[in-house]
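Student: This is the structure I have questions about; it appears just below.
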Amino acid sequence: MSNPLDDPKADPFEIASLAAQVIAEKSGIAKHDIAMTLGSGWAKSADLIGETIATIDAADVPGFTKSEVVGHISTIRSILLPSGKHALVLGARTHYYEGHGVRRVVHGSRTAAAAGCKIMILTNGAGGIKTSWAPGTPVLISDHINFTSASPIEGANFVDLTDLYSLRLRDIARTVDSSLDEGVYMQFRGPHYETPAEVQMAKSMGAHIVGMSTALEAIAARQSGLEVLGLSLSTNLAAGISATPLSHKEVLEAGKEAEPRISALLAEIITKL
Ligand code: 8IG
């Protein structure tokens, strides 16, 4: 399937702007306020936060395509929150490991900004390095290590990432659940999981959570002026931290098991934003 972002001469911000226009037309909502990308385990929160105004097939929105990953949905939903604000749920995450380039990976962030959003909530399923995190533990992302060696930023634009995962938003999340732990997220390219040696490397570098998304999306979100809230669901202990090998099926099951609990948590956090 062809994607306009694959044309190197195309301007990704122009395509994001077109995408935002299509979303506005199809939803009837001219401006959205909060965008969210729901990763493994978090999808149910879309059903809890408010009234769905429109469900748009991602394939109908410029720059988006159907998800290639089993268990990932590919729709864009416009939801009216009880506060009167409008949320945009981007269910069409493209992972860096799919090999379609960084522009496609961060198109959701750029579209969110073009649609008027001020806050971007990025969620994911990930591996935990802290043994105290039982499978199914939600963790606030406090910072990240981008281990992909890629950047969504093109050209000499030296974007500051000092408070990338907004302390203000993390503090709001903790008013909902004061027991929420936080940690540094390290994005690996994947799609293979880490070796135990790589997990030890990540740990010694200061990481607490390992995954295959979010960091690039967060950088692009910041470039576009969005305030970022990051949440990981630690579905499994990272390789070698637990004695048992990782299986995608078990990871999905852990996500499903935790889903009602963490989706309710996220829905409550959103009411405070
Ligand atoms: I869910 O242990 C999930 N995603 N890199 N490592 C990496 N990504 C993940 C993991 C994990 N668990």
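Naming scheme: A, B, ... for chains in displayed order of the structure tokens; residues 1 onward per chain; ligands 1 onward as shown.
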Which residues in segment 86-245 of chain A does DSSP call strand (DSSP E or B)? List them as a PyMOL selection string.
Tutor: chain A and resi 86-90+119-128+137-146+165+181-187+209-211+227-237+239+242
Student: So which residues are near ligand 1, meaning at most 8 Å away with only C-alpha atoms and all ligand atoms counted, given back as a ChimeraX atom specification?
Tutor: /A:40,124-128,187-194,209-212,233-239,246,248,251-252,255
Student: Kindly export the residues of the current selection with N, CA, C and O atoms, as a compact mmCIF listing (two decimals), in the first residue's frame.
Tutor:
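For reference, selection.txt as written:
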# COMPACT_ATOMS: atom_id res chain seq x y z
N SER A 40 -0.17 -1.99 23.84
CA SER A 40 -0.62 -3.28 24.41
C SER A 40 -1.10 -3.09 25.83
O SER A 40 -0.37 -2.61 26.70
N ASN A 124 2.34 2.15 26.24
CA ASN A 124 2.93 0.97 25.61
C ASN A 124 2.95 -0.20 26.58
O ASN A 124 2.75 -0.04 27.78
N GLY A 125 3.17 -1.36 26.01
CA GLY A 125 3.50 -2.54 26.79
C GLY A 125 5.01 -2.69 26.74
O GLY A 125 5.61 -2.42 25.70
N ALA A 126 5.63 -3.08 27.81
CA ALA A 126 7.10 -3.09 27.85
C ALA A 126 7.61 -4.12 28.84
O ALA A 126 6.83 -4.73 29.58
N GLY A 127 8.89 -4.31 28.82
CA GLY A 127 9.54 -5.21 29.78
C GLY A 127 10.07 -4.41 30.96
O GLY A 127 10.61 -3.32 30.78
N GLY A 128 9.90 -4.93 32.15
CA GLY A 128 10.36 -4.24 33.36
C GLY A 128 11.71 -4.77 33.82
O GLY A 128 11.99 -5.97 33.69
N GLN A 187 14.15 2.66 24.42
CA GLN A 187 13.60 2.12 23.18
C GLN A 187 14.67 1.39 22.39
O GLN A 187 15.65 1.98 21.94
N PHE A 188 14.45 0.09 22.23
CA PHE A 188 15.26 -0.73 21.34
C PHE A 188 14.57 -0.81 19.99
O PHE A 188 13.37 -0.59 19.88
N ARG A 189 15.31 -1.16 18.96
CA ARG A 189 14.70 -1.27 17.64
C ARG A 189 13.75 -2.46 17.55
O ARG A 189 12.70 -2.37 16.94
N GLY A 190 14.11 -3.60 18.18
CA GLY A 190 13.30 -4.81 18.02
C GLY A 190 13.37 -5.31 16.59
O GLY A 190 14.22 -4.87 15.83
N PRO A 191 12.46 -6.17 16.15
CA PRO A 191 11.32 -6.72 16.91
C PRO A 191 11.68 -7.90 17.82
O PRO A 191 10.82 -8.39 18.54
N HIS A 192 12.91 -8.33 17.80
CA HIS A 192 13.30 -9.36 18.77
C HIS A 192 13.35 -8.71 20.16
O HIS A 192 13.63 -7.51 20.28
N TYR A 193 13.10 -9.49 21.18
CA TYR A 193 13.33 -9.01 22.54
C TYR A 193 14.84 -8.98 22.80
O TYR A 193 15.63 -9.50 22.01
N GLU A 194 15.21 -8.38 23.91
CA GLU A 194 16.63 -8.24 24.23
C GLU A 194 17.23 -9.57 24.67
O GLU A 194 16.53 -10.48 25.12
N ILE A 209 12.80 0.32 32.09
CA ILE A 209 11.75 -0.27 31.24
C ILE A 209 12.33 -0.38 29.83
O ILE A 209 12.96 0.57 29.35
N VAL A 210 12.13 -1.53 29.18
CA VAL A 210 12.61 -1.67 27.80
C VAL A 210 11.43 -1.95 26.88
O VAL A 210 10.54 -2.74 27.19
N GLY A 211 11.46 -1.28 25.72
CA GLY A 211 10.37 -1.45 24.78
C GLY A 211 10.79 -1.11 23.37
O GLY A 211 11.98 -0.92 23.09
N MET A 212 9.81 -1.06 22.47
CA MET A 212 10.10 -0.88 21.04
C MET A 212 9.32 0.28 20.44
O MET A 212 9.09 0.32 19.23
N LEU A 233 3.02 -0.25 30.49
CA LEU A 233 2.54 -1.38 31.26
C LEU A 233 3.67 -2.41 31.25
O LEU A 233 4.04 -2.91 30.18
N SER A 234 4.22 -2.66 32.40
CA SER A 234 5.24 -3.70 32.46
C SER A 234 4.53 -5.05 32.43
O SER A 234 3.97 -5.51 33.42
N THR A 235 4.47 -5.64 31.23
CA THR A 235 3.72 -6.88 31.07
C THR A 235 4.58 -8.08 31.45
O THR A 235 4.06 -9.16 31.71
N ASN A 236 5.88 -7.88 31.40
CA ASN A 236 6.80 -8.99 31.67
C ASN A 236 8.08 -8.42 32.27
O ASN A 236 8.41 -7.25 32.03
N LEU A 237 8.76 -9.23 33.04
CA LEU A 237 10.11 -8.84 33.43
C LEU A 237 11.00 -9.05 32.21
O LEU A 237 10.84 -10.01 31.46
N ALA A 238 11.93 -8.13 31.98
CA ALA A 238 12.79 -8.18 30.80
C ALA A 238 13.64 -9.44 30.83
O ALA A 238 13.85 -10.06 31.89
N ALA A 239 14.15 -9.81 29.66
CA ALA A 239 14.89 -11.07 29.50
C ALA A 239 16.03 -11.19 30.51
O ALA A 239 16.81 -10.26 30.71
N LEU A 246 10.63 -15.15 27.22
CA LEU A 246 9.51 -14.29 26.86
C LEU A 246 8.73 -14.90 25.70
O LEU A 246 9.33 -15.44 24.78
N HIS A 248 5.43 -13.74 23.05
CA HIS A 248 4.52 -12.66 22.66
C HIS A 248 3.10 -12.97 23.13
O HIS A 248 2.36 -12.10 23.56
N VAL A 251 2.83 -12.23 26.77
CA VAL A 251 2.87 -10.78 26.93
C VAL A 251 1.47 -10.21 26.66
O VAL A 251 0.96 -9.37 27.41
N LEU A 252 0.83 -10.69 25.57
CA LEU A 252 -0.52 -10.24 25.24
C LEU A 252 -1.51 -10.63 26.34
O LEU A 252 -2.39 -9.86 26.70
N GLY A 255 -1.17 -8.41 29.28
CA GLY A 255 -1.79 -7.13 28.95
C GLY A 255 -3.29 -7.19 29.09
O GLY A 255 -3.91 -6.30 29.68
Student: Have a look at atom CA of Trp133 of chain A and atom CA of Ala202 of chain A and let me know their distance in Å, one decimal.
Tutor: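 Distance reported for this atom pair: 16.6 Å.
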Student: Within segment 34-265 of chain A, find each residue whose DSSP state, derived from the backbone, is alpha helix (DSSP H), and express the selection as JSON, numbers by chain.
Tutor: {"A": [45, 46, 47, 48, 102, 103, 104, 105, 107, 108, 109, 110, 111, 112, 113, 114, 167, 168, 169, 170, 171, 172, 173, 174, 175, 176, 196, 197, 198, 199, 200, 201, 202, 203, 204, 215, 216, 217, 218, 219, 220, 221, 222, 223, 248, 249, 250, 251, 252, 253, 254, 255, 256, 257, 258, 259, 260, 261, 262, 263, 264, 265]}
Student: Which residue, A:Leu38, A:Val61, A:Val199, A:Val102, has the smallest gap to Glu25 of chain A when you use only C-alpha atoms?
Tutor: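 Checking each candidate against Glu25 of chain A, we get A:Val61 as the closest.
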Student: From the set A:Gly84, A:Ala113, A:Thr244, A:Leu273, which residue has the shortest atom-to-atom contact distance to Ile172 of chain A, counting only C-alpha atoms?
Tutor: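 Of A:Gly84, A:Ala113, A:Thr244, A:Leu273, the one nearest Ile172 of chain A, counting only C-alpha atoms, is A:Leu273.
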Student: Find the residues around Ile29 of chain A up to 9 Å (only C-alpha atoms counted), leave out those fewer than 4 positions away in its own chain, and share them as a PDB file with N, CA, C and O atoms, in the first residue's frame.
Tutor:
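This went into selection37.pdb:
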ATOM      1  N   ILE A  23      -9.487  14.246   9.534  1.00  0.00           N
ATOM      2  CA  ILE A  23     -10.053  13.870  10.835  1.00  0.00           C
ATOM      3  C   ILE A  23     -11.139  14.873  11.237  1.00  0.00           C
ATOM      4  O   ILE A  23     -12.217  14.487  11.715  1.00  0.00           O
ATOM      5  N   ALA A  24     -10.869  16.151  11.028  1.00  0.00           N
ATOM      6  CA  ALA A  24     -11.856  17.191  11.366  1.00  0.00           C
ATOM      7  C   ALA A  24     -13.138  17.003  10.545  1.00  0.00           C
ATOM      8  O   ALA A  24     -14.245  17.073  11.078  1.00  0.00           O
ATOM      9  N   GLU A  25     -12.953  16.719   9.247  1.00  0.00           N
ATOM     10  CA  GLU A  25     -14.113  16.527   8.375  1.00  0.00           C
ATOM     11  C   GLU A  25     -14.922  15.302   8.772  1.00  0.00           C
ATOM     12  O   GLU A  25     -16.138  15.348   8.896  1.00  0.00           O
ATOM     13  N   ILE A  53     -17.501   9.944  19.312  1.00  0.00           N
ATOM     14  CA  ILE A  53     -18.210  10.772  18.326  1.00  0.00           C
ATOM     15  C   ILE A  53     -18.046  10.182  16.931  1.00  0.00           C
ATOM     16  O   ILE A  53     -18.950  10.216  16.114  1.00  0.00           O
ATOM     17  N   SER A  78     -12.579   9.772  17.710  1.00  0.00           N
ATOM     18  CA  SER A  78     -12.792  11.077  18.325  1.00  0.00           C
ATOM     19  C   SER A  78     -13.753  10.880  19.489  1.00  0.00           C
ATOM     20  O   SER A  78     -14.849  10.360  19.308  1.00  0.00           O
ATOM     21  N   HIS A  86     -12.088  17.368  23.700  1.00  0.00           N
ATOM     22  CA  HIS A  86     -12.138  16.320  22.687  1.00  0.00           C
ATOM     23  C   HIS A  86     -10.827  15.548  22.644  1.00  0.00           C
ATOM     24  O   HIS A  86      -9.758  16.144  22.524  1.00  0.00           O
TER      25      HIS A  86
END
Student: Out of A:Thr111, A:Thr131, A:Thr271, A:Ser242, which residue has the shortest atom-to-atom distance to Ala20 of chain A when counting only C-alpha atoms?
Tutor: A:Thr111
Student: Could you tell me which of A:Ile79, A:Lys9, A:Gly116, A:Ser74 comes closest to Gln21 of chain A if we count only C-alpha atoms?
Tutor: A:Gly116
Student: Check which residues of segment 84-164 of chain A sit at most 10 Å from segment 262-266 of chain A using only C-alpha atoms, and return one row each with the closest pair of atoms and their distance in Å to one decimal, ordered by chain and rising number, as a Markdown table.
Tutor:
| residue | atom | partner | partner_atom | distance |
| --- | --- | --- | --- | --- |
| A:Ile121 | CA | A:Leu266 | CA | 9.6 |
| A:Thr123 | CA | A:Leu266 | CA | 9.6 |
| A:Gly136 | CA | A:Ile262 | CA | 8.4 |
| A:Thr137 | CA | A:Ile262 | CA | 8.4 |
| A:Pro138 | CA | A:Ile262 | CA | 6.8 |
Student: For the residues in the current selection, export N, CA and C atoms as a PDB file, in the first residue's frame.
Tutor:
ATOM      1  N   ILE A 121      -0.640  11.652  25.031  1.00  0.00           N
ATOM      2  CA  ILE A 121      -0.449  10.543  25.969  1.00  0.00           C
ATOM      3  C   ILE A 121       0.057   9.341  25.181  1.00  0.00           C
ATOM      4  N   THR A 123       1.245   5.466  25.403  1.00  0.00           N
ATOM      5  CA  THR A 123       1.247   4.283  26.270  1.00  0.00           C
ATOM      6  C   THR A 123       1.856   3.108  25.511  1.00  0.00           C
ATOM      7  N   GLY A 136       1.996  -6.766  34.764  1.00  0.00           N
ATOM      8  CA  GLY A 136       0.748  -6.012  34.866  1.00  0.00           C
ATOM      9  C   GLY A 136       0.872  -4.742  35.683  1.00  0.00           C
ATOM     10  N   THR A 137       2.107  -4.329  35.978  1.00  0.00           N
ATOM     11  CA  THR A 137       2.308  -3.098  36.744  1.00  0.00           C
ATOM     12  C   THR A 137       2.428  -1.892  35.804  1.00  0.00           C
ATOM     13  N   PRO A 138       1.575  -0.858  35.987  1.00  0.00           N
ATOM     14  CA  PRO A 138       1.730   0.358  35.193  1.00  0.00           C
ATOM     15  C   PRO A 138       2.836   1.240  35.777  1.00  0.00           C
TER      16      PRO A 138
END
Student: Quick one: pull the distance between atom CA of Gly230 of chain A and atom CA of Gly39 of chain A, Å, one decimal.
Tutor: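 Result for atom CA of Gly230 of chain A versus atom CA of Gly39 of chain A: 10.9 Å, one decimal.
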Student: Which residue, A:Ser83, A:Asn157, A:Ser204, A:Ser2, has the smallest gap to Gln223 of chain A when you use only C-alpha atoms?
Tutor: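 Closest to Gln223 of chain A, using only C-alpha atoms: A:Asn157.
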Student: Taking only C-alpha atoms into account, name the residue in A:Glu98, A:Glu268, A:Asp171, A:Glu259 that is nearest to Lys44 of chain A.
Tutor: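 That would be A:Glu259, the residue with the smallest distance to Lys44 of chain A.
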Student: If you measure from atom CA of Pro135 of chain A to atom CA of Ser247 of chain A, what distance in Å do you get, rounded to one decimal?
Tutor: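 Between these atoms lies a distance of 13.1 Å.
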Student: Which residues of segment 201-265 of chain A sit at most 7 Å from segment 165-170 of chain A, using only C-alpha atoms? Give each one's shortest atom pair and distance in Å (one decimal place), in chain and ascending residue order, as a tab-separated table.
Tutor:
residue	atom	partner	partner_atom	distance
A:Glu227	CA	A:Ser166	CA	6.3
A:Val228	CA	A:Tyr165	CA	5.2
A:Leu229	CA	A:Tyr165	CA	5.6
A:Gly230	CA	A:Tyr165	CA	6.4
